[in-house]
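Okay, so here's the structure we're looking at.
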Amino acid sequence: MSIDTARAAVPPQGGPAARRLSSSLSSKPRTRLALLLAAPLTWLVLVYVVALAALLVSALWTVDSFTGELDRGLSLDNLKEITTESLYRTVALRTIGVALLVTVVDILIALPIAFYMAKVASRRMQRILVIAVLTPLWASYLVKAFAWRSVLSDGGIFQWAASRIGLDTPGYGLTAVVITQAYIWLPYVILPIYAGLERVPNSLLDASSDLGASSWQSLRTVVLPMLTPAIIAGSIFSFSLTLGDYITVNIVGGANQMLGNLVYTNVGAANNLPLAAAIALIPIVIMIGYLTAVRRTGALENL
Amino acid sequence: MRITTRRSRRAAGALLASSALVVLAACGGGDSDEGSKPVEKLGKTEGKVSILAWPGYVEDGSNDPKVDWVSAFEDETKCQVTSKTYGTSDEAFNLAKTGDYDVIAASGDLTARMVASEEAAEVNTDLIPNYEKVYDFLKNKEWNTFDGKNYGVPHGYGANLLMYNEDEVTPAPTSWSAVFEPEEMAKYKGKITAYDSPIYIADAALYLMKHQPELKIENPYSLDDKQFDAAIDLLKEQRKHVGEYWSDYLKEISAFETGDSVIGTTWQVIANSVQKSKVKAILPEEGATGWSDTWMISSKAKNPNCAYKWLNYIESPKANAQATEYFGEAPNSKEACDFASDPKFCETFKAGDEEFASQLWYWRTPVEECLDGRKDVKCKDYSEWTKAWTAIKG
């Protein structure tokens, strides 16, 4: 009873101005929406759009090599350089190659794990597995990369284990980069695929087998088509994260460089921010292409 | 005051060469302000001084309680020290330009740029009594004296040596040919390492200077097109045999300990730190590149009197011994040797060994106007060195 009176007794708190504002807002849903979205949108615009625009503009600047002063006059020199010099092509192709390999390896590992988690494991086991997949994310990226450095080193665990079956450690190089990155980004691939599999109703699998399909046929013709968007969603993570990485390459990549390293060298050592900005546009262009391609598949709704 | 513990200095591509900011507001400010002309006499100290230096140069015990030479300075002069560390000369240059630092410790590849952009002030060495004790062969050099004017006082110097694993590398190398000649490199393919910075091109140039006299290289930091291309070709050949490049000194230590690298360039401090495997660092017969650091005063210094006090203090044999021993380089004076905690310190780093020092080509900034005095050609400047370096790594 007291509650009701309290509610009824709440008078409009503000003065006449506030009352007028609130009544005008309630009759104008569009204004209300605009006001609500203003803060997050400003943030989004500042952080993403303005930052990207700044990147694009600074790619057009040049730098005085001796005094390190920025020349803010616009010139296409940097863009010309990254498109004509073979170095940037080689490194860009290498980076894409590594990112693709990491993605393929991750999907191949993630599929059976996610399938087991979603369709085979008991409820309890399922929860344990989700936690197990997420736990590595709690450890620092650097620790994991350095751990792989020691695993893959000469005389390390990998060599010890591989020598039993007559193999050797790949040593530091692109293979090591693929292994390490595939390990680090694996949770990001397992989770969307797992979520996608959860959405495949068991009844469909039953129906498929009732109609005489073998398990393999059911997987291929029923599960996989429904799962493709989830797989692509996972691949966006592993692909884009590998594309921008430079730390793993530095730690286990031997003498190789990827696009991230070129950006890093140009900012840190060469003090050539404009060229670094121009190089940073390469992965952005690649990602825009990739996202445009996958948008058609509807995978983005699965993110 | 806090500084990050990493000592991975001059690391062009240093992983995590993070430099933590130092917070220590100091007590009240002073009055006197000096112009850019060298000071005639010192005024009242300002009570504070801010310093920009390589990691390990300004230690107040916050990283390691046993490593502290800043507190004594603060007690003695009542100048409170704020410091910031940097990982590369280029980073330092950007920081110095902000004008927030009174004192800057600069290597030879930075000093010329500091003077050219008028960031450094001329230093009156008469106001630094300890300057007298400094080795003569470190004074009035191209990297600390410009147009006959002194722009700083020497800190210490060291060489980029050739380190190898004694168990793996036989016969023991005596020349840089071990890492530059294809037939010699082939034996250790994939286990050769090199310093990851454009300035390493000078190492190749130094080798060519001794082995291909027809190129007429006079100074490894002043290379015309033809000489530069020859050095690049040499490094591209080397690249095929390199296992990994290093710029973080901890990474090189671990690579030699595990055996992933068995031969390559190094600093004395790294050779001293490698455990487990038998490694040796030598100065090859061609000589080597190296560094010689200079304490400079900013032209925008807000606390010039405390800055002079710091220069005098860090030049003192005791403080200099502490700082250079901690970093692992030769000190700037003979007296400093007596203050080192390790009696063999000066022997290890060959301090005062003029013959050793004369074989070193200290880091300089490559500029268009050839450093060796040639007027008829243009030399490759540092930005071209940087571009070439990324191209070498491919």
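Letters A, B, ... mark the chains of the structure tokens in the order given; residue numbers begin at 1 per chain; ligand numbers begin at 1, in order shown.
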
* Test item, helix (DSSP H, G or I) assignment across segment 73-182 of chain A, answer as an MDAnalysis selection string -> chainID A and resid 77:84 86:120 123:138 141:152 157:164 174:182

* Find the residues around segment 261-277 of chain A up to 10 Å (only C-alpha atoms counted), leave out those fewer than 5 positions away in its own chain, and share them as a VMD selection string. => (chain A and resid 52 54 to 65 68 to 72 77 to 79 81 to 82 88 91 244 to 247 249 to 250 256 282) or (chain B and resid 10 to 15 17 87 to 91 93 to 94 196 to 198 382 to 387 389 to 391)

* Asked: Between atom CA of Tyr290 of chain A and atom CA of Pro225 of chain A, what is the spacing in Å?
  ->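 Separation of atom CA of Pro225 of chain A and atom CA of Tyr290 of chain A: 19.6 Å.
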
* Structure fact -> re atom CA of Val58 of chain B and atom CA of Lys149 of chain B: distance 26.1 Å

* Between B:Lys350, B:Lys278, B:Lys226, B:Arg113, single out the one closest to Phe256 of chain B, counting only C-alpha atoms. =>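 So, comparing all the options, the nearest one is B:Lys278.
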
* To do: May I ask for the distance between atom CA of Ala319 of chain B and atom CA of Pro154 of chain B, given in Å to one decimal place?
  =>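 It comes out at 13.1 Å.
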